[in-house]
Structures are given as structure tokens and as C-alpha cells.
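J.: File final_27.cif follows (mmCIF, C-alpha atoms (C1' of nucleotides)):
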data_upload
#
loop_
_atom_site.label_atom_id
_atom_site.label_comp_id
_atom_site.auth_asym_id
_atom_site.auth_seq_id
_atom_site.Cartn_x
_atom_site.Cartn_y
_atom_site.Cartn_z
CA MET T 270 0.00 0.00 0.00
CA SER T 271 2.66 2.48 1.05
CA LEU T 272 4.54 2.11 -2.20
CA ARG T 273 1.42 3.22 -4.03
CA ILE T 274 1.05 6.19 -1.76
CA ALA T 275 4.67 7.19 -2.19
CA LEU T 276 4.33 7.03 -5.98
CA LEU T 277 1.11 9.04 -5.89
CA GLY T 278 2.80 11.60 -3.66
CA LEU T 279 5.72 12.02 -6.03
CA LEU T 280 3.41 12.40 -9.01
CA ALA T 281 1.25 14.89 -7.12
CA ALA T 282 4.21 16.97 -5.99
CA SER T 283 6.39 16.96 -9.10
CA GLY T 284 4.00 16.29 -11.96
CA PRO T 285 4.03 13.59 -14.64
CA ALA T 286 6.97 11.22 -14.67
CA SER T 287 8.10 7.86 -15.98
CA GLY T 288 8.96 4.79 -13.93
CA TYR T 289 12.57 5.63 -14.49
CA ASP T 290 12.14 9.18 -13.21
CA LEU T 291 10.28 7.95 -10.17
CA THR T 292 12.98 5.41 -9.42
CA LYS T 293 15.52 8.22 -9.32
CA LYS T 294 13.29 10.37 -7.16
CA PHE T 295 13.12 7.55 -4.66
CA GLU T 296 16.92 7.58 -4.54
CA THR T 297 17.26 11.32 -4.21
CA SER T 298 14.35 12.94 -2.44
CA LEU T 299 12.54 10.08 -0.73
CA ALA T 300 15.41 7.77 0.19
CA TYR T 301 15.43 8.46 3.92
CA VAL T 302 11.71 7.76 4.39
CA TRP T 303 10.94 5.07 1.83
CA GLN T 304 12.96 2.92 -0.51
CA ALA T 305 11.97 1.13 -3.68
CA GLY T 306 13.82 -0.19 -6.69
CA HIS T 307 12.70 -0.17 -10.30
CA SER T 308 11.78 -3.85 -10.14
CA GLN T 309 9.11 -2.96 -7.66
CA ILE T 310 8.07 0.34 -9.22
CA TYR T 311 7.36 -0.77 -12.80
CA PRO T 312 4.87 -3.52 -11.93
CA GLU T 313 3.22 -1.31 -9.31
CA LEU T 314 2.68 1.51 -11.82
CA ALA T 315 1.09 -0.99 -14.19
CA LYS T 316 -1.27 -2.15 -11.46
CA MET T 317 -2.08 1.42 -10.49
CA ALA T 318 -2.90 2.24 -14.11
CA ALA T 319 -5.21 -0.79 -14.21
CA ASP T 320 -6.87 0.52 -11.03
CA GLY T 321 -7.31 3.99 -12.53
CA LEU T 322 -5.07 5.83 -10.05
CA VAL T 323 -2.61 6.90 -12.74
CA SER T 324 -2.80 7.12 -16.50
CA VAL T 325 -0.23 6.92 -19.26
CA GLU T 326 -0.05 10.47 -20.52
CA ALA T 327 2.42 9.87 -23.30
CA GLU T 328 4.73 7.25 -24.73
CA GLY T 329 8.10 8.61 -25.76
CA THR T 330 11.23 7.21 -27.31
CA ARG T 331 12.84 4.03 -25.94
CA GLY T 332 9.43 2.86 -24.73
CA ARG T 333 9.31 5.60 -22.13
CA LYS T 334 5.87 5.92 -20.56
CA THR T 335 4.93 9.10 -18.77
CA TYR T 336 2.44 8.60 -15.96
CA THR T 337 0.08 11.22 -14.57
CA ILE T 338 -1.94 11.05 -11.39
CA THR T 339 -5.70 10.87 -12.02
CA PRO T 340 -8.41 12.49 -9.88
CA GLU T 341 -9.05 9.02 -8.40
CA GLY T 342 -5.37 8.82 -7.54
CA GLU T 343 -5.48 12.22 -5.88
CA ALA T 344 -8.50 11.18 -3.88
CA GLU T 345 -6.77 7.99 -2.75
CA LEU T 346 -3.68 9.91 -1.69
CA HIS T 347 -5.68 12.52 0.14
CA GLN T 348 -7.72 9.94 1.97
CA TRP T 349 -4.62 8.06 3.08
CA MET T 350 -2.96 11.24 4.30
CA VAL T 351 -5.94 12.35 6.33
CA GLU T 352 -7.35 9.08 7.61
CA ARG T 353 -4.38 6.81 8.14
CA ASP T 354 -3.42 6.97 11.74
CA PRO T 355 0.31 6.93 12.13
CA VAL T 356 1.68 3.54 13.04
CA VAL T 357 5.07 3.25 14.64
CA PRO T 358 6.25 -0.01 13.19
CA LEU T 359 9.35 -0.63 15.29
CA ARG T 360 11.21 -3.49 13.81
CA SER T 361 14.63 -1.98 13.91
CA GLU T 362 17.87 -3.88 13.70
CA SER T 363 19.76 -1.14 15.50
CA ALA T 364 17.23 -1.09 18.29
CA LEU T 365 17.56 -4.85 18.58
CA GLN T 366 21.30 -4.46 18.85
CA ALA T 367 20.85 -1.75 21.46
CA PHE T 368 18.49 -4.02 23.35
CA MET T 369 21.09 -6.71 23.69
CA VAL T 370 24.06 -4.48 24.49
CA PRO T 371 23.89 -5.47 28.20
CA LEU T 372 24.82 -9.03 27.20
CA LEU T 373 28.31 -7.84 26.24
CA GLU T 374 31.35 -7.13 28.37
CA PRO T 375 31.69 -3.40 29.09
CA ASP T 376 34.54 -2.80 26.66
CA GLU T 377 32.73 -4.59 23.86
CA ALA T 378 29.51 -2.78 24.65
CA ILE T 379 31.31 0.54 24.46
CA ALA T 380 32.83 -0.39 21.11
CA VAL T 381 29.41 -1.26 19.70
CA LEU T 382 27.86 1.95 21.02
CA GLU T 383 30.77 3.93 19.65
CA ARG T 384 30.10 2.54 16.19
CA MET T 385 26.43 3.40 16.56
CA ARG T 386 27.31 6.91 17.59
CA ALA T 387 29.58 7.34 14.57
CA GLY T 388 26.87 5.99 12.26
CA SER T 389 24.24 8.37 13.60
CA GLN T 390 26.69 11.24 13.46
CA ALA T 391 27.39 10.50 9.79
CA ARG T 392 23.70 10.31 9.04
CA LEU T 393 23.14 13.58 10.85
CA ALA T 394 25.84 15.32 8.80
CA GLN T 395 24.36 13.93 5.59
CA LEU T 396 20.83 15.09 6.38
CA GLU T 397 22.05 18.50 7.50
CA ALA T 398 23.94 18.91 4.24
CA LEU T 399 20.76 17.98 2.37
CA ARG T 400 18.83 20.61 4.30
CA GLU T 401 21.48 23.18 3.47
CA THR T 402 21.08 22.63 -0.26
CA LYS T 403 17.29 22.65 0.11
CA THR T 404 17.14 25.93 2.01
CA ALA T 405 19.56 27.50 -0.48
CA ALA T 406 17.27 26.42 -3.32
CA ALA T 407 14.26 27.75 -1.41
CA ARG T 408 15.90 31.15 -0.89
CA LEU T 409 16.74 31.32 -4.59
CA ALA T 410 13.19 30.42 -5.55
CA GLU T 411 11.78 33.06 -3.23
CA ALA T 412 14.11 35.72 -4.63
CA GLU T 413 12.88 34.88 -8.13
CA GLY T 414 9.24 35.01 -7.07
CA ARG T 415 8.62 31.27 -7.46
CA HIS T 416 7.10 29.56 -4.46
CA PRO T 417 9.63 27.21 -2.90
CA ASP T 418 9.23 23.44 -2.85
CA ALA T 419 8.26 22.50 0.70
CA PHE T 420 7.69 18.83 -0.13
CA GLY T 421 9.66 16.76 2.34
CA ARG T 422 10.58 19.65 4.60
CA TYR T 423 9.05 18.30 7.81
CA ALA T 424 10.25 14.75 7.27
CA LEU T 425 13.78 16.03 6.80
CA ASP T 426 13.52 17.96 10.03
CA LEU T 427 12.24 14.85 11.79
CA GLY T 428 15.10 12.79 10.40
CA ILE T 429 17.64 15.30 11.63
CA ARG T 430 16.13 15.38 15.10
CA HIS T 431 16.05 11.60 15.27
CA ALA T 432 19.70 11.37 14.22
CA ARG T 433 20.68 13.96 16.81
CA THR T 434 18.75 12.06 19.48
CA ALA T 435 20.54 8.84 18.52
CA VAL T 436 23.95 10.52 18.83
CA GLU T 437 23.12 11.85 22.28
CA TRP T 438 21.72 8.51 23.36
CA ALA T 439 24.87 6.67 22.31
CA SER T 440 27.13 9.17 24.10
CA ASP T 441 25.06 9.00 27.27
CA SER T 442 24.92 5.21 27.16
CA ILE T 443 28.69 4.98 26.84
CA ALA T 444 29.05 7.33 29.80
CA ASP T 445 26.57 5.19 31.75
CA ILE T 446 28.57 2.02 31.13
CA ARG T 447 31.80 3.77 32.15
CA ARG T 448 30.15 4.98 35.34
CA ARG T 449 29.01 1.49 36.25
CA THR T 450 32.39 -0.20 35.90
CA MET E 28 18.62 -13.29 10.20
CA SER E 29 17.43 -10.81 12.81
CA LEU E 30 14.72 -13.14 14.05
CA ARG E 31 17.40 -15.70 14.81
CA ILE E 32 19.45 -13.14 16.66
CA ALA E 33 16.46 -11.98 18.68
CA LEU E 34 15.67 -15.57 19.67
CA LEU E 35 19.28 -16.25 20.60
CA GLY E 36 19.33 -13.05 22.64
CA LEU E 37 16.23 -14.03 24.58
CA LEU E 38 17.60 -17.50 25.27
CA ALA E 39 20.96 -16.05 26.33
CA ALA E 40 19.40 -13.48 28.64
CA SER E 41 16.60 -15.47 30.24
CA GLY E 42 17.67 -19.09 29.92
CA PRO E 43 15.91 -22.09 28.35
CA ALA E 44 12.43 -21.54 27.01
CA SER E 45 9.84 -23.04 24.70
CA GLY E 46 8.54 -21.52 21.48
CA TYR E 47 5.45 -20.53 23.38
CA ASP E 48 7.48 -18.75 26.09
CA LEU E 49 9.54 -16.96 23.47
CA THR E 50 6.42 -15.83 21.64
CA LYS E 51 5.22 -14.20 24.83
CA LYS E 52 8.58 -12.60 25.49
CA PHE E 53 8.39 -11.02 22.07
CA GLU E 54 5.07 -9.49 23.08
CA THR E 55 6.21 -8.27 26.47
CA SER E 56 9.88 -7.40 26.57
CA LEU E 57 10.93 -7.14 22.94
CA ALA E 58 7.80 -5.74 21.33
CA TYR E 59 9.09 -2.21 20.75
CA VAL E 60 12.25 -3.32 18.94
CA TRP E 61 11.24 -6.48 17.12
CA GLN E 62 8.00 -8.31 16.50
CA ALA E 63 7.35 -11.93 15.64
CA GLY E 64 4.39 -14.25 15.90
CA HIS E 65 4.38 -17.92 16.80
CA SER E 66 3.91 -18.93 13.17
CA GLN E 67 7.31 -17.48 12.46
CA ILE E 68 8.98 -18.56 15.68
CA TYR E 69 8.23 -22.30 15.65
CA PRO E 70 9.69 -23.04 12.21
CA GLU E 71 12.68 -20.81 12.92
CA LEU E 72 13.49 -22.67 16.13
CA ALA E 73 13.33 -25.95 14.23
CA LYS E 74 15.79 -24.59 11.64
CA MET E 75 18.05 -23.24 14.35
CA ALA E 76 18.08 -26.63 16.04
CA ALA E 77 19.01 -28.22 12.71
CA ASP E 78 21.84 -25.68 12.42
CA GLY E 79 23.07 -26.46 15.93
CA LEU E 80 22.44 -23.01 17.38
CA VAL E 81 19.91 -24.28 19.90
CA SER E 82 19.10 -27.70 21.25
CA VAL E 83 15.97 -29.28 22.68
CA GLU E 84 16.75 -29.58 26.36
CA ALA E 85 13.54 -31.30 27.38
CA GLU E 86 10.12 -32.28 26.12
CA GLY E 87 7.36 -31.66 28.61
CA THR E 88 3.64 -32.18 28.70
CA ARG E 89 1.43 -31.09 25.79
CA GLY E 90 4.37 -31.52 23.43
CA ARG E 91 6.20 -28.63 25.00
CA LYS E 92 9.81 -28.42 23.85
CA THR E 93 12.32 -26.46 25.88
CA TYR E 94 15.13 -24.97 23.84
CA THR E 95 18.57 -24.00 25.13
CA ILE E 96 21.20 -21.93 23.39
CA THR E 97 24.30 -23.93 22.43
CA PRO E 98 27.90 -22.64 22.46
CA GLU E 99 27.60 -22.28 18.66
CA GLY E 100 24.49 -20.18 19.19
CA GLU E 101 26.28 -18.00 21.71
CA ALA E 102 29.16 -17.53 19.29
CA GLU E 103 26.77 -16.56 16.49
CA LEU E 104 25.02 -14.04 18.72
CA HIS E 105 28.27 -12.55 19.95
CA GLN E 106 29.63 -12.21 16.45
CA TRP E 107 26.49 -10.48 15.23
CA MET E 108 26.51 -8.06 18.15
CA VAL E 109 30.14 -7.10 17.69
CA GLU E 110 30.55 -7.15 13.92
CA ARG E 111 27.23 -6.06 12.51
CA ASP E 112 27.43 -2.40 11.72
CA PRO E 113 24.22 -0.69 12.57
CA VAL E 114 22.01 -0.06 9.59
CA VAL E 115 19.34 2.58 9.75
CA PRO E 116 16.67 1.01 7.61
CA LEU E 117 14.31 3.93 7.21
CA ARG E 118 11.18 2.66 5.65
CA SER E 119 8.72 4.35 7.91
CA GLU E 120 5.08 4.92 7.13
CA SER E 121 4.88 7.84 9.54
CA ALA E 122 7.93 9.47 8.00
CA LEU E 123 6.32 9.06 4.58
CA GLN E 124 3.21 10.73 5.88
CA ALA E 125 5.31 13.51 7.35
CA PHE E 126 7.10 13.88 4.04
CA MET E 127 3.88 14.57 2.22
CA VAL E 128 2.28 16.86 4.79
CA PRO E 129 3.08 19.93 2.65
CA LEU E 130 0.66 18.59 0.01
CA LEU E 131 -2.24 19.28 2.36
CA GLU E 132 -4.11 22.46 3.13
CA PRO E 133 -2.82 24.05 6.37
CA ASP E 134 -5.81 23.03 8.49
CA GLU E 135 -5.65 19.44 7.28
CA ALA E 136 -1.89 19.37 7.77
CA ILE E 137 -2.31 20.56 11.34
CA ALA E 138 -4.93 17.89 12.00
CA VAL E 139 -2.58 15.17 10.72
CA LEU E 140 0.34 16.48 12.77
CA GLU E 141 -1.90 16.72 15.81
CA ARG E 142 -2.76 13.05 15.50
CA MET E 143 0.91 12.22 15.14
CA ARG E 144 1.72 14.23 18.23
CA ALA E 145 -0.97 12.42 20.20
CA GLY E 146 0.30 9.06 18.98
CA SER E 147 3.88 9.79 19.98
CA GLN E 148 2.72 11.17 23.30
CA ALA E 149 0.82 7.97 24.02
CA ARG E 150 3.81 5.88 23.06
CA LEU E 151 6.03 8.00 25.29
CA ALA E 152 3.71 7.51 28.24
CA GLN E 153 3.63 3.77 27.64
CA LEU E 154 7.40 3.44 27.46
CA GLU E 155 7.89 5.60 30.52
CA ALA E 156 5.46 3.44 32.46
CA LEU E 157 7.42 0.39 31.35
CA ARG E 158 10.63 1.99 32.58
CA GLU E 159 8.99 2.74 35.90
CA THR E 160 8.10 -0.89 36.48
CA LYS E 161 11.58 -1.95 35.37
CA THR E 162 13.43 0.40 37.69
CA ALA E 163 11.17 -0.63 40.56
CA ALA E 164 12.03 -4.27 39.88
CA ALA E 165 15.72 -3.38 39.66
CA ARG E 166 15.64 -1.58 43.03
CA LEU E 167 13.94 -4.57 44.60
CA ALA E 168 16.51 -6.94 43.12
CA GLU E 169 19.36 -4.82 44.38
CA ALA E 170 17.86 -4.65 47.89
CA GLU E 171 17.68 -8.44 47.90
CA GLY E 172 21.22 -8.83 46.69
CA ARG E 173 20.29 -10.20 43.24
CA HIS E 174 21.87 -8.39 40.33
CA PRO E 175 19.20 -6.52 38.38
CA ASP E 176 18.20 -7.43 34.84
CA ALA E 177 19.69 -4.78 32.56
CA PHE E 178 18.62 -6.52 29.34
CA GLY E 179 16.80 -3.98 27.19
CA ARG E 180 17.67 -0.99 29.33
CA TYR E 181 19.44 1.07 26.65
CA ALA E 182 16.91 0.27 23.95
CA LEU E 183 14.12 1.41 26.22
CA ASP E 184 15.95 4.65 26.85
CA LEU E 185 16.43 5.11 23.11
CA GLY E 186 12.74 4.48 22.48
CA ILE E 187 11.75 7.05 25.08
CA ARG E 188 14.09 9.64 23.62
CA HIS E 189 12.79 9.00 20.11
CA ALA E 190 9.20 9.32 21.23
CA ARG E 191 10.00 12.57 23.02
CA THR E 192 11.73 13.87 19.90
CA ALA E 193 8.71 13.00 17.79
CA VAL E 194 6.37 14.87 20.15
CA GLU E 195 8.55 17.98 20.01
CA TRP E 196 8.85 17.73 16.24
CA ALA E 197 5.09 17.54 15.80
CA SER E 198 4.49 20.53 18.08
CA ASP E 199 7.14 22.61 16.33
CA SER E 200 5.84 21.65 12.90
CA ILE E 201 2.31 22.69 13.84
CA ALA E 202 3.67 26.01 15.10
CA ASP E 203 5.62 26.41 11.86
CA ILE E 204 2.51 25.90 9.74
CA ARG E 205 0.56 28.37 11.88
CA ARG E 206 3.32 30.94 11.48
CA ARG E 207 3.29 30.59 7.70
CA THR E 208 -0.43 31.12 7.23
"C1'" DG U 1231 32.43 1.14 -32.48
"C1'" DT U 1232 32.38 0.98 -27.74
"C1'" DT U 1233 31.02 2.84 -23.42
"C1'" DG U 1234 27.63 4.71 -20.57
"C1'" DG U 1235 23.23 6.24 -19.45
"C1'" DC U 1236 18.26 5.65 -20.60
"C1'" DA U 1237 14.41 2.67 -20.12
"C1'" DT U 1238 11.63 -1.35 -19.12
"C1'" DG U 1239 10.58 -5.45 -17.68
"C1'" DT U 1240 10.61 -10.72 -15.37
"C1'" DA U 1241 11.76 -14.44 -12.00
"C1'" DA U 1242 13.47 -16.60 -7.87
"C1'" DC U 1243 13.70 -16.03 -3.39
"C1'" DC U 1244 13.09 -14.53 1.47
"C1'" DG U 1245 10.93 -12.64 5.54
"C1'" DG U 1246 6.73 -11.65 7.59
"C1'" DT U 1247 1.39 -11.69 8.15
"C1'" DT U 1248 -3.01 -13.83 8.38
"C1'" DA U 1249 -5.69 -17.54 8.62
"C1'" DC U 1250 -6.38 -22.35 9.21
"C1'" DA U 1251 -6.01 -26.40 12.08
"C1'" DT U 1252 -5.51 -29.41 16.06
"C1'" DG U 1253 -5.50 -31.03 20.58
"C1'" DA U 1254 -4.19 -31.16 25.74
"C1'" DT U 1255 -4.73 -29.22 30.32
"C1'" DT U 1256 -6.51 -26.19 33.74
"C1'" DT U 1257 -10.00 -23.33 35.64
"C1'" DT U 1258 -14.71 -22.12 36.58
"C1'" DA B 918 -19.50 -29.57 31.08
"C1'" DA B 919 -17.78 -25.46 29.14
"C1'" DA B 920 -14.43 -21.92 28.68
"C1'" DA B 921 -9.88 -20.33 28.83
"C1'" DT B 922 -5.28 -21.02 28.21
"C1'" DC B 923 -1.39 -23.81 26.91
"C1'" DA B 924 1.11 -25.45 23.02
"C1'" DT B 925 2.41 -26.50 18.35
"C1'" DG B 926 2.24 -26.54 13.84
"C1'" DT B 927 1.00 -25.59 8.34
"C1'" DA B 928 -0.41 -22.91 4.19
"C1'" DA B 929 -1.59 -19.03 1.34
"C1'" DC B 930 -0.36 -14.75 0.47
"C1'" DC B 931 2.07 -10.25 0.13
"C1'" DG B 932 5.80 -6.92 -0.06
"C1'" DG B 933 10.46 -6.34 -0.98
"C1'" DT B 934 15.36 -7.77 -2.67
"C1'" DT B 935 18.53 -9.59 -5.89
"C1'" DA B 936 19.60 -11.13 -10.09
"C1'" DC B 937 18.59 -11.87 -14.81
"C1'" DA B 938 17.46 -10.06 -19.32
"C1'" DT B 939 16.83 -6.89 -23.17
"C1'" DG B 940 17.44 -3.10 -26.11
"C1'" DC B 941 17.78 2.02 -27.56
"C1'" DC B 942 20.29 6.20 -28.01
"C1'" DA B 943 24.03 9.64 -27.29
"C1'" DA B 944 28.70 10.78 -26.58
"C1'" DC B 945 33.44 9.97 -27.18
#
Would you mind writing the file's structure down as C-alpha cells?
T.:
Amino acid sequence: MSLRIALLGLLAASGPASGYDLTKKFETSLAYVWQAGHSQIYPELAKMAADGLVSVEAEGTRGRKTYTITPEGEAELHQWMVERDPVVPLRSESALQAFMVPLLEPDEAIAVLERMRAGSQARLAQLEALRETKTAAARLAEAEGRHPDAFGRYALDLGIRHARTAVEWASDSIADIRRRT
Amino acid sequence: MSLRIALLGLLAASGPASGYDLTKKFETSLAYVWQAGHSQIYPELAKMAADGLVSVEAEGTRGRKTYTITPEGEAELHQWMVERDPVVPLRSESALQAFMVPLLEPDEAIAVLERMRAGSQARLAQLEALRETKTAAARLAEAEGRHPDAFGRYALDLGIRHARTAVEWASDSIADIRRRT
DNA sequence: GTTGGCATGTAACCGGTTACATGATTTT
DNA sequence: AAAATCATGTAACCGGTTACATGCCAAC
């Protein structure tokens, strides 16, 4: 279901696109909230077209098909956004690892937490860099009178806050283990 | 793979248990980091026994089989804990919803964010209650000279911090939308 | 003419969910 | 005697990953 919604969202926000375009948008703009490869996207677009949520607007060279969101698709997206109550899934490998950290000897536990800290720190830097480029683009757009693209803004902020939280957690946990030994 | 690790972790931390016991431990102690139902657990235990990671210690009434972790199982768990570098998976339905919030009209966006805030708040309360009962049990254990069960402590802390972060994010995002309109 | 990017698809497999199915023991 | 809980399993299905497979077009 969520793959459908993500595809509808991309089409709604950025206009008509091909499967190929959408695959790249997953890599660039949507990567930190949802992932999907072309092998999943092409069949899903076909199914969505059969269900009337998107339509093939044009067929270009190299068999390129440009999909557009239909009114039915917009309705589906809107309904999902408004009615779906947010589920926290929580099946996280890192959290599982964190859970079992107390099984390790203190020095090993610290090493694991140190690696987690570094990973979250890297992620934080990456997301902050992404926000930098986005705000720069937004300022430019505003200066030129275009209205800036806010799509993804809040999710990016959430990602940054989560990464920052994870860094602090790892540091504090390391300190906690040191204190106890 | 992770299901195996979770099962090995539970057996290592709490001693021999049956598939039924482990299913309940998933519901109670592990639920907020990893989920698994009995239909997944029973076949996995059988495979793990075939691979020598666990062994059937005893067969009780009603066909109950008690599994124990073997030295091979302990080695596998230890290796995973120490070598696995933490992957942030990021395929989150809530994050996807957050991503697309800017597609909505301000009042709808606020309503969605308000629901998210309430959800995270509820989750926060639940995790904090869980921590309360855990620290109470730990104090009791310490008073009686037993060493308290630290298994899951850091993951619970991480979960609480994440929930708190999500609440703040939702509040700030609502304020941001109000400011812009 | 060869490399690289564009562009689309299929198939095998794996992990996880839901539903089906059975029966023993304990509690009321 | 009936209901609840203990206890184990299988099967169909679904979403996602990896690998396989094909071919066009542009640039060097």
C-alpha cells in the first residue's frame, strides 16, 4: 500500500513522470523515508494504471511511458494522508542491537555503542547537508518570485532530530557504562 | 537473520524456554524493537536446532519443547553483536506521511500532525510506564542482593528519547505551519 | 564502435502476516 | 461440562530484494 502512496505523492508533488524518473526520485528525495527499486516500481505503476489511479499520458522514445496522477489517484492519496493513523512499526535492527548491548562485556559494549554513535553522526551530517542545499534552493526560488518546494521539509527535520537524538543517546549510554564499571 | 538473533538473545538473557514462552517474550519485553508471531517462531526454532544453534533440552507435557542456546548459538550471537554495523533502515510509514504533509491544506496538515503528536505522546507515556516498572524491579533486586536485569535498558531509553523527539517535532511543525499562514 | 546512461521489464527467493487447524490441560 | 489457556504446527499470500534479461540512443 505504502509504495502506491509514495508514488502518488511524487506524481502529485512533481507532476508527470516515468517509472525511471520515479525510481531516481526515490533515490534522491525520498530515500530516507521510503525505498523502492525499479523492479518494484514498474509492476506497481502498471497495477495502479489498471486501477485507474494513474494514467499513461504519453509514450516517448525508448518505450518511455509518462504517468500522470488521475483524480481518483489524488482522492486515494488525500484519503490516506488524512485518515491513516500513524503507526510506529518498530522493527529496527539497530534497536535490537541496542536491546542486547547489556549481554556484552563493558569494553565490547562501548565499542558497539561507539560505532552506533559514529553511524548516527554521519547520518546527521548527511541530512544536515541535504537541508542546506534545500534551504539555499528555497531562498533562490523566493528571490525569483517562485514559491519554494516545501515537499519533504518536515520529514527532513524529523530525520535530523532523530539522528541527533541517537547521537546523544549513544554518548550518554557509553558514559553510563563507564560509570558502572 | 534478525529473528534468529532476537531468539538467541532471549535464550541467552533469560535461559531455556519453549517456542510458546519466546512468543510471549516477544510481546512483552521485545515488542518495541522487534515483533514476531508464533507462526514465524516455531519453524525458525526448528531450523536453528538443525543448524546447531539451539538444542531441545527437554520435552514436557502437551508436546512442550524447551530450547537452550548452544555454544555455537552463543558464538553466532556474539559475532552479530560485535561485527554487525548498525544499519538505519528507514522505511517508515509515519515518515512518509510527514514527508507529504506539505501537500495538504494548512488546516488538514495541522490535523494530521496533531494526530501524530498524540500518537507519539501515548507511546512516550507507555514506554515511561514500562521503565517505571523496570526500575522498581531493579531496586527490589538490588535490595535483595540479586543483580538486576539490565537486558533492554538502553533500547528502552532510546525508544523514550525518540518518542519525546517526535512529540517535540510535531508541536514545532504545527507552530511552523501556523506561522506561515 | 564501444562505453555509458536511458528505459523497461521478469523471476526466484526470502521474511513476515493472516488464517487455518488441532489437541491437551486447567479453571470455573 | 464449558471456557480459557497452553502449546504446536502448516499454508496461502504479500511486499520487498537480488539477479537476470533486453534493447535504444548519445557521446566519445
J.: Take atom CA of Glu84 of chain E and atom C1' of DT1252 of chain U and report the distance between them in Å, one decimal.
T.: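 Answer for the atom CA of Glu84 of chain E to atom C1' of DT1252 of chain U separation: 24.5 Å.
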J.: Can you list, as a PyMOL selection string, the residues that the PyMOL selection byres ((chain U) within 9 of (chain T)) selects here?
T.: chain U and resi 1236-1240
J.: Go ahead and write the residues just picked, C-alpha atoms (C1' of nucleotides), as a PDB file, keeping the file's coordinate frame.
T.:
ATOM      1  C1'  DC U1236      18.260   5.650 -20.600  1.00  0.00           C
ATOM      2  C1'  DA U1237      14.410   2.670 -20.120  1.00  0.00           C
ATOM      3  C1'  DT U1238      11.630  -1.350 -19.120  1.00  0.00           C
ATOM      4  C1'  DG U1239      10.580  -5.450 -17.680  1.00  0.00           C
ATOM      5  C1'  DT U1240      10.610 -10.720 -15.370  1.00  0.00           C
TER       6       DT U1240
END
J.: Written as a list in words, which residues does the PyMOL selection byres ((chain U and resi 1232) around 12) give for the file shown?
T.: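 When the PyMOL selection byres ((chain U and resi 1232) around 12) is applied, the selected residues are DG1231, DT1233 and DG1234 of chain U; DA944 and DC945 of chain B.
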J.: Please expand the PyMOL selection byres ((chain E) within 6 of (chain T)) into the concrete residues it hits in this file, giving the result as a list of chain:residue names.
T.: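 Selected by the PyMOL selection byres ((chain E) within 6 of (chain T)) in this file: E:Tyr59, E:Val60, E:Trp61, E:Pro113, E:Leu117, E:Arg118, E:Ser119, E:Ser121, E:Ala122, E:Leu123, E:Ala125, E:Phe126, E:Pro129, E:Phe178, E:Gly179, E:Ala182.
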J.: Could those selected residues go to a file with C-alpha atoms, as a PDB file, in the frame of the given file?
T.:
ATOM      1  CA  TYR E  59       9.090  -2.210  20.750  1.00  0.00           C
ATOM      2  CA  VAL E  60      12.250  -3.320  18.940  1.00  0.00           C
ATOM      3  CA  TRP E  61      11.240  -6.480  17.120  1.00  0.00           C
ATOM      4  CA  PRO E 113      24.220  -0.690  12.570  1.00  0.00           C
ATOM      5  CA  LEU E 117      14.310   3.930   7.210  1.00  0.00           C
ATOM      6  CA  ARG E 118      11.180   2.660   5.650  1.00  0.00           C
ATOM      7  CA  SER E 119       8.720   4.350   7.910  1.00  0.00           C
ATOM      8  CA  SER E 121       4.880   7.840   9.540  1.00  0.00           C
ATOM      9  CA  ALA E 122       7.930   9.470   8.000  1.00  0.00           C
ATOM     10  CA  LEU E 123       6.320   9.060   4.580  1.00  0.00           C
ATOM     11  CA  ALA E 125       5.310  13.510   7.350  1.00  0.00           C
ATOM     12  CA  PHE E 126       7.100  13.880   4.040  1.00  0.00           C
ATOM     13  CA  PRO E 129       3.080  19.930   2.650  1.00  0.00           C
ATOM     14  CA  PHE E 178      18.620  -6.520  29.340  1.00  0.00           C
ATOM     15  CA  GLY E 179      16.800  -3.980  27.190  1.00  0.00           C
ATOM     16  CA  ALA E 182      16.910   0.270  23.950  1.00  0.00           C
TER      17      ALA E 182
END
J.: Take atom CA of Thr339 of chain T and atom CA of Arg273 of chain T and report the distance between them in Å, one decimal.
T.: 13.2 Å
J.: Taking only C-alpha atoms (C1' of nucleotides) into account, what are the residues of chain B at most 8 Å from chain E, put as a list in words?
T.: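 Applying the cut-off to the listed atoms yields DC923, DA924, DT925 and DG926 of chain B.
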J.: Please return, as a list in words, all polymer residues that have at least one atom within 6 Å of the point (15.5, -21.4, 28.8); use all atoms listed in the file and the file's own coordinate frame.
T.: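 Selection result: Leu38, Gly42, Pro43, Ala44 and Thr95 of chain E.
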J.: Please identify all polymer residues within 10 Å of DT922 of chain B, counting all atoms listed in the file, omitting same-chain residues fewer than 3 positions from it, and present them as a PyMOL selection string.
T.: chain U and resi 1255-1257
J.: Record the distance separating atom CA of Leu80 of chain E and atom CA of Leu35 of chain E, expressed in Å with one decimal.
T.: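 Distance between the two atoms: 8.1 Å.
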J.: Mind checking which residues fall within 9 Å of DT934 of chain B, counting all atoms listed in the file, ignoring those fewer than 4 positions away in the same chain, and posting them as a PyMOL selection string?
T.: (chain T and resi 306) or (chain U and resi 1243-1244)
J.: Choose the residue, out of T:Leu276, T:Ile310, T:Ile338, T:Ile379, that has the smallest atom-to-atom separation from Arg447 of chain T; count all atoms listed in the file.
T.: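 Counting all atoms listed in the file, the residue closest to Arg447 of chain T is T:Ile379.
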